[in-house]
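So this block is input-v3.pdb, PDB, C-alpha atoms, pLDDT in the B column:
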ATOM      1  CA  MET J   1      48.063  51.759  33.014  1.00 82.00           C
ATOM      2  CA  PHE J   2      50.390  49.016  31.751  1.00 93.00           C
ATOM      3  CA  GLU J   3      48.297  45.971  32.639  1.00 96.00           C
ATOM      4  CA  ARG J   4      49.680  43.707  29.922  1.00 97.00           C
ATOM      5  CA  ILE J   5      53.323  44.070  28.856  1.00 98.00           C
ATOM      6  CA  LEU J   6      55.443  42.393  26.223  1.00 98.00           C
ATOM      7  CA  PHE J   7      58.873  41.232  27.408  1.00 97.00           C
ATOM      8  CA  PRO J   8      60.994  40.120  24.440  1.00 96.00           C
ATOM      9  CA  THR J   9      64.219  38.408  25.455  1.00 93.00           C
ATOM     10  CA  ASP J  10      67.151  36.610  23.950  1.00 90.00           C
ATOM     11  CA  PHE J  11      68.234  35.700  27.516  1.00 91.00           C
ATOM     12  CA  SER J  12      71.327  37.897  27.302  1.00 87.00           C
ATOM     13  CA  GLU J  13      72.320  39.994  30.309  1.00 88.00           C
ATOM     14  CA  PRO J  14      70.968  43.255  28.815  1.00 86.00           C
ATOM     15  CA  SER J  15      67.599  41.713  27.968  1.00 89.00           C
ATOM     16  CA  MET J  16      67.251  40.041  31.375  1.00 92.00           C
ATOM     17  CA  LYS J  17      67.743  43.384  33.163  1.00 92.00           C
ATOM     18  CA  VAL J  18      64.035  43.867  32.477  1.00 93.00           C
ATOM     19  CA  LEU J  19      63.350  41.545  35.420  1.00 94.00           C
ATOM     20  CA  ASP J  20      64.801  44.193  37.752  1.00 93.00           C
ATOM     21  CA  TYR J  21      62.054  46.602  36.640  1.00 94.00           C
ATOM     22  CA  ILE J  22      59.110  44.255  37.166  1.00 94.00           C
ATOM     23  CA  PRO J  23      58.230  45.508  40.691  1.00 94.00           C
ATOM     24  CA  ALA J  24      58.022  49.103  39.426  1.00 95.00           C
ATOM     25  CA  LEU J  25      55.903  47.964  36.493  1.00 96.00           C
ATOM     26  CA  GLN J  26      53.581  46.130  38.878  1.00 96.00           C
ATOM     27  CA  GLU J  27      53.139  49.406  40.759  1.00 95.00           C
ATOM     28  CA  ALA J  28      52.076  50.898  37.414  1.00 94.00           C
ATOM     29  CA  GLY J  29      49.429  48.183  37.088  1.00 96.00           C
ATOM     30  CA  THR J  30      51.176  45.321  35.303  1.00 97.00           C
ATOM     31  CA  GLN J  31      49.360  42.045  35.907  1.00 97.00           C
ATOM     32  CA  GLU J  32      50.382  39.993  32.902  1.00 98.00           C
ATOM     33  CA  VAL J  33      53.595  39.498  30.953  1.00 98.00           C
ATOM     34  CA  ILE J  34      53.799  38.142  27.433  1.00 98.00           C
ATOM     35  CA  LEU J  35      57.262  36.559  27.395  1.00 97.00           C
ATOM     36  CA  VAL J  36      58.578  36.387  23.843  1.00 96.00           C
ATOM     37  CA  HIS J  37      61.706  34.682  22.599  1.00 93.00           C
ATOM     38  CA  ILE J  38      62.155  35.037  18.868  1.00 90.00           C
ATOM     39  CA  ILE J  39      64.019  32.243  17.168  1.00 83.00           C
ATOM     40  CA  ASP J  40      65.881  34.190  14.504  1.00 79.00           C
ATOM     41  CA  SER J  41      65.208  32.629  11.114  1.00 74.00           C
ATOM     42  CA  LYS J  42      68.848  33.313  10.140  1.00 73.00           C
ATOM     43  CA  ASP J  43      70.030  31.188  13.073  1.00 67.00           C
ATOM     44  CA  VAL J  44      67.629  28.386  12.171  1.00 61.00           C
ATOM     45  CA  THR J  45      69.000  28.278   8.616  1.00 57.00           C
ATOM     46  CA  LEU J  46      72.591  28.294   9.828  1.00 56.00           C
ATOM     47  CA  ILE J  47      72.001  25.520  12.363  1.00 54.00           C
ATOM     48  CA  ALA J  48      69.893  23.465   9.947  1.00 54.00           C
ATOM     49  CA  SER J  49      72.646  23.661   7.339  1.00 55.00           C
ATOM     50  CA  GLY J  50      75.196  22.321   9.782  1.00 54.00           C
ATOM     51  CA  GLY J  51      76.833  25.724  10.095  1.00 52.00           C
ATOM     52  CA  GLN J  52      77.605  26.062   6.395  1.00 51.00           C
ATOM     53  CA  GLY J  53      75.002  28.747   5.662  1.00 48.00           C
ATOM     54  CA  PHE J  54      75.802  29.608   2.049  1.00 48.00           C
ATOM     55  CA  LEU J  55      74.681  26.838  -0.289  1.00 49.00           C
ATOM     56  CA  GLY J  56      74.355  24.452   2.640  1.00 49.00           C
ATOM     57  CA  THR J  57      71.577  21.904   2.486  1.00 52.00           C
ATOM     58  CA  VAL J  58      68.895  21.540   5.140  1.00 51.00           C
ATOM     59  CA  PRO J  59      68.856  17.977   6.421  1.00 52.00           C
ATOM     60  CA  ASP J  60      65.578  16.200   7.093  1.00 48.00           C
ATOM     61  CA  GLN J  61      66.733  15.039  10.507  1.00 50.00           C
ATOM     62  CA  GLU J  62      67.002  17.370  13.448  1.00 54.00           C
ATOM     63  CA  THR J  63      70.676  17.793  14.247  1.00 66.00           C
ATOM     64  CA  GLU J  64      72.145  17.470  17.711  1.00 69.00           C
ATOM     65  CA  ALA J  65      72.883  21.220  17.643  1.00 68.00           C
ATOM     66  CA  GLN J  66      69.211  21.945  16.938  1.00 68.00           C
ATOM     67  CA  ARG J  67      68.119  19.667  19.801  1.00 75.00           C
ATOM     68  CA  GLN J  68      70.554  21.319  22.192  1.00 79.00           C
ATOM     69  CA  LEU J  69      69.448  24.814  21.156  1.00 77.00           C
ATOM     70  CA  ARG J  70      65.775  23.915  21.555  1.00 77.00           C
ATOM     71  CA  GLY J  71      66.428  22.363  24.970  1.00 84.00           C
ATOM     72  CA  GLU J  72      68.439  25.356  26.168  1.00 87.00           C
ATOM     73  CA  ILE J  73      65.725  27.777  25.044  1.00 88.00           C
ATOM     74  CA  GLN J  74      63.035  25.729  26.806  1.00 90.00           C
ATOM     75  CA  HIS J  75      65.002  25.721  30.086  1.00 94.00           C
ATOM     76  CA  ARG J  76      65.606  29.462  29.951  1.00 95.00           C
ATOM     77  CA  ILE J  77      61.958  30.136  29.154  1.00 95.00           C
ATOM     78  CA  ILE J  78      60.831  27.984  32.090  1.00 96.00           C
ATOM     79  CA  ASP J  79      63.259  29.718  34.467  1.00 96.00           C
ATOM     80  CA  THR J  80      62.197  33.196  33.329  1.00 96.00           C
ATOM     81  CA  ARG J  81      58.519  32.287  33.467  1.00 97.00           C
ATOM     82  CA  ARG J  82      58.903  30.987  37.038  1.00 97.00           C
ATOM     83  CA  ALA J  83      60.730  34.165  38.105  1.00 96.00           C
ATOM     84  CA  LEU J  84      57.839  36.266  36.771  1.00 97.00           C
ATOM     85  CA  GLU J  85      55.160  34.014  38.282  1.00 97.00           C
ATOM     86  CA  LYS J  86      56.904  34.196  41.693  1.00 96.00           C
ATOM     87  CA  GLN J  87      56.243  37.919  41.551  1.00 95.00           C
ATOM     88  CA  GLY J  88      52.522  37.235  41.135  1.00 96.00           C
ATOM     89  CA  LEU J  89      52.234  37.818  37.403  1.00 97.00           C
ATOM     90  CA  ARG J  90      50.301  35.834  34.813  1.00 98.00           C
ATOM     91  CA  VAL J  91      52.688  34.756  32.074  1.00 98.00           C
ATOM     92  CA  THR J  92      52.055  33.763  28.474  1.00 97.00           C
ATOM     93  CA  VAL J  93      54.980  32.452  26.420  1.00 96.00           C
ATOM     94  CA  ARG J  94      55.432  32.901  22.677  1.00 94.00           C
ATOM     95  CA  THR J  95      58.373  31.610  20.591  1.00 90.00           C
ATOM     96  CA  PRO J  96      57.874  32.737  17.002  1.00 89.00           C
ATOM     97  CA  VAL J  97      60.440  32.153  14.265  1.00 85.00           C
ATOM     98  CA  GLY J  98      61.418  35.108  12.127  1.00 88.00           C
ATOM     99  CA  SER J  99      63.140  38.474  12.191  1.00 91.00           C
ATOM    100  CA  PRO J 100      63.390  39.625  15.835  1.00 92.00           C
ATOM    101  CA  GLY J 101      62.278  43.240  15.393  1.00 93.00           C
ATOM    102  CA  LYS J 102      59.358  42.369  13.145  1.00 95.00           C
ATOM    103  CA  GLU J 103      58.216  39.505  15.377  1.00 95.00           C
ATOM    104  CA  ILE J 104      58.329  41.686  18.513  1.00 96.00           C
ATOM    105  CA  VAL J 105      56.151  44.346  16.882  1.00 97.00           C
ATOM    106  CA  ALA J 106      53.758  41.697  15.529  1.00 97.00           C
ATOM    107  CA  ALA J 107      53.500  39.963  18.930  1.00 97.00           C
ATOM    108  CA  ALA J 108      52.744  43.257  20.676  1.00 98.00           C
ATOM    109  CA  ASP J 109      49.895  43.907  18.227  1.00 97.00           C
ATOM    110  CA  THR J 110      48.547  40.354  18.282  1.00 97.00           C
ATOM    111  CA  GLU J 111      48.610  40.129  22.084  1.00 97.00           C
ATOM    112  CA  GLY J 112      47.115  43.585  22.631  1.00 96.00           C
ATOM    113  CA  THR J 113      49.873  44.684  24.990  1.00 97.00           C
ATOM    114  CA  SER J 114      49.988  48.172  26.481  1.00 96.00           C
ATOM    115  CA  LEU J 115      53.799  48.416  26.737  1.00 97.00           C
ATOM    116  CA  ILE J 116      56.904  46.774  25.288  1.00 97.00           C
ATOM    117  CA  VAL J 117      59.812  46.484  27.720  1.00 97.00           C
ATOM    118  CA  ILE J 118      63.030  45.612  25.935  1.00 94.00           C
ATOM    119  CA  GLY J 119      66.690  45.441  26.879  1.00 88.00           C
ATOM    120  CA  SER J 120      69.203  47.180  24.669  1.00 81.00           C
ATOM    121  CA  HIS J 121      72.359  45.498  23.445  1.00 70.00           C
ATOM    122  CA  GLY J 122      74.024  48.370  21.648  1.00 54.00           C
ATOM    123  CA  ARG J 123      76.801  46.220  20.267  1.00 51.00           C
ATOM    124  CA  SER J 124      76.383  46.350  16.489  1.00 48.00           C
ATOM    125  CA  ASN J 125      77.831  49.198  14.413  1.00 46.00           C
ATOM    126  CA  ILE J 126      78.704  52.746  15.518  1.00 46.00           C
ATOM    127  CA  ARG J 127      75.308  54.214  14.548  1.00 45.00           C
ATOM    128  CA  ASP J 128      73.522  51.685  16.732  1.00 46.00           C
ATOM    129  CA  ARG J 129      76.143  51.590  19.506  1.00 48.00           C
ATOM    130  CA  LEU J 130      73.885  53.077  22.196  1.00 51.00           C
ATOM    131  CA  LEU J 131      70.649  51.343  21.346  1.00 58.00           C
ATOM    132  CA  GLY J 132      70.885  48.221  19.210  1.00 71.00           C
ATOM    133  CA  THR J 133      69.270  47.407  15.890  1.00 85.00           C
ATOM    134  CA  VAL J 134      66.349  45.365  17.287  1.00 88.00           C
ATOM    135  CA  SER J 135      65.494  47.999  19.895  1.00 89.00           C
ATOM    136  CA  GLU J 136      65.731  50.724  17.269  1.00 89.00           C
ATOM    137  CA  TYR J 137      63.412  48.808  14.924  1.00 93.00           C
ATOM    138  CA  VAL J 138      60.876  48.237  17.697  1.00 95.00           C
ATOM    139  CA  ILE J 139      60.897  51.907  18.741  1.00 94.00           C
ATOM    140  CA  LYS J 140      60.355  53.058  15.160  1.00 95.00           C
ATOM    141  CA  ASN J 141      57.625  50.553  14.305  1.00 97.00           C
ATOM    142  CA  ALA J 142      55.665  49.684  17.452  1.00 97.00           C
ATOM    143  CA  ARG J 143      52.216  51.136  18.078  1.00 97.00           C
ATOM    144  CA  GLN J 144      52.682  50.761  21.826  1.00 97.00           C
ATOM    145  CA  PRO J 145      55.003  52.747  24.082  1.00 97.00           C
ATOM    146  CA  VAL J 146      58.448  51.170  24.358  1.00 96.00           C
ATOM    147  CA  LEU J 147      60.540  51.182  27.520  1.00 95.00           C
ATOM    148  CA  VAL J 148      64.195  50.492  26.698  1.00 91.00           C
ATOM    149  CA  ILE J 149      66.336  49.224  29.546  1.00 90.00           C
ATOM    150  CA  LYS J 150      69.926  50.221  28.850  1.00 80.00           C
ATOM    151  CA  ARG J 151      72.717  47.781  29.481  1.00 70.00           C
ATOM    152  CA  ASP J 152      75.123  48.513  32.318  1.00 65.00           C
ATOM    153  CA  VAL J 153      78.015  50.656  31.246  1.00 51.00           C
ATOM    154  CA  VAL J 154      81.316  49.702  32.828  1.00 48.00           C
ATOM    155  CA  ALA J 155      83.805  52.526  33.344  1.00 44.00           C
ATOM    156  CA  GLY J 156      86.772  52.344  31.009  1.00 43.00           C
ATOM    157  CA  LYS J 157      85.017  50.282  28.352  1.00 45.00           C
TER     158      LYS J 157
END
If you took the structure in this file and wrote it as structure tokens, what would it be?
Amino acid sequence: MFERILFPTDFSEPSMKVLDYIPALQEAGTQEVILVHIIDSKDVTLIASGGQGFLGTVPDQETEAQRQLRGEIQHRIIDTRRALEKQGLRVTVRTPVGSPGKEIVAAADTEGTSLIVIGSHGRSNIRDRLLGTVSEYVIKNARQPVLVIKRDVVAGK
């Protein structure tokens, strides 16, 4: 039923909880995972401007911060890809630059996925406390079913 799924991740704990659900998804027919890490265009601008953001200039040379970020992302992608492949799944990796919600929805359409499995942060404002703005955007705009994996709730917090 869900042969090809889209797994968007920012490598945070809530987004990586999706890995715990992979065996159940395989029982539902999952054979391939499209692993997507969106490089937020806002972050790229901030890093490129040396952290100044407003009225900062974008240097022609890649900064050390940009190199470190790119290297860290590549390592995390490789580790996540290997974890999925160890479970017998085919994995395709995509790293678009843009607005996370929009890029997730676009990737799901482009890749022809049958399900989007996304972790929920729920840490922005009160209205989005339980879900998270990216998850909410994806739910409202995706053509595919969306499975939202809630973050762990710790008692007293």
**Study point:** Selection under test: the PyMOL selection byres ((chain J and resi 141) around 12); residues as a list in words
**Key:** Gly101, Lys102, Glu103, Ile104, Val105, Ala106, Ala108, Asp109, Ile116, Val134, Ser135, Glu136, Tyr137, Val138, Ile139, Lys140, Ala142, Arg143, Gln144, Pro145 and Val146 of chain J
Review point. Any idea what the distance is between CA of Leu35 in chain J and CA of Gln68 in chain J?
Key: 20.9 Å
Review point. Smallest atom-to-atom distance to Asp10 in chain J: which of J:Glu85, J:Glu32, J:Asp40, J:Glu27, using only C-alpha atoms?
Key: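 Comparing J:Glu85, J:Glu32, J:Asp40, J:Glu27 against Asp10 in chain J, the winner is J:Asp40.
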**Study point:** CA of Ala107 in chain J to CA of His121 in chain J, straight-line distance in Å
**Key:** 20.2 Å
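Nearest-residue note for Thr110 in chain J: choosing from J:Ala24, J:Leu19, J:Ile34, J:Ile77, the minimum distance belongs to J:Ile34, counting all atoms listed in the file.
Relative to CA of His37 in chain J, CA of Gly98 in chain J is found at 10.5 Å.
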Practice item. Rank J:Val18, J:Leu115, J:Val33, J:Ala28 by their smallest atom-to-atom distance to Thr92 in chain J, using only C-alpha atoms, and report the top residue only. Key: J:Val33
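Run against this file, the PyMOL selection byres ((chain J and resi 74) around 12) gives back Asp10, Phe11, Val36, His37, Ile39, Arg67, Gln68, Leu69, Arg70, Gly71, Glu72, Ile73, His75, Arg76, Ile77, Ile78, Asp79, Thr80, Arg81, Val93, Arg94 and Thr95 of chain J.
Counting all atoms listed in the file, the residue from J:Gln26, J:Thr9, J:Gln87, J:Ser15 that sits nearest to Pro100 in chain J is J:Thr9.
Nearest to Pro96 in chain J of all the residues J:Ile5, J:Ile38, J:Val148, J:Leu25 is J:Ile38, based on all atoms listed in the file.
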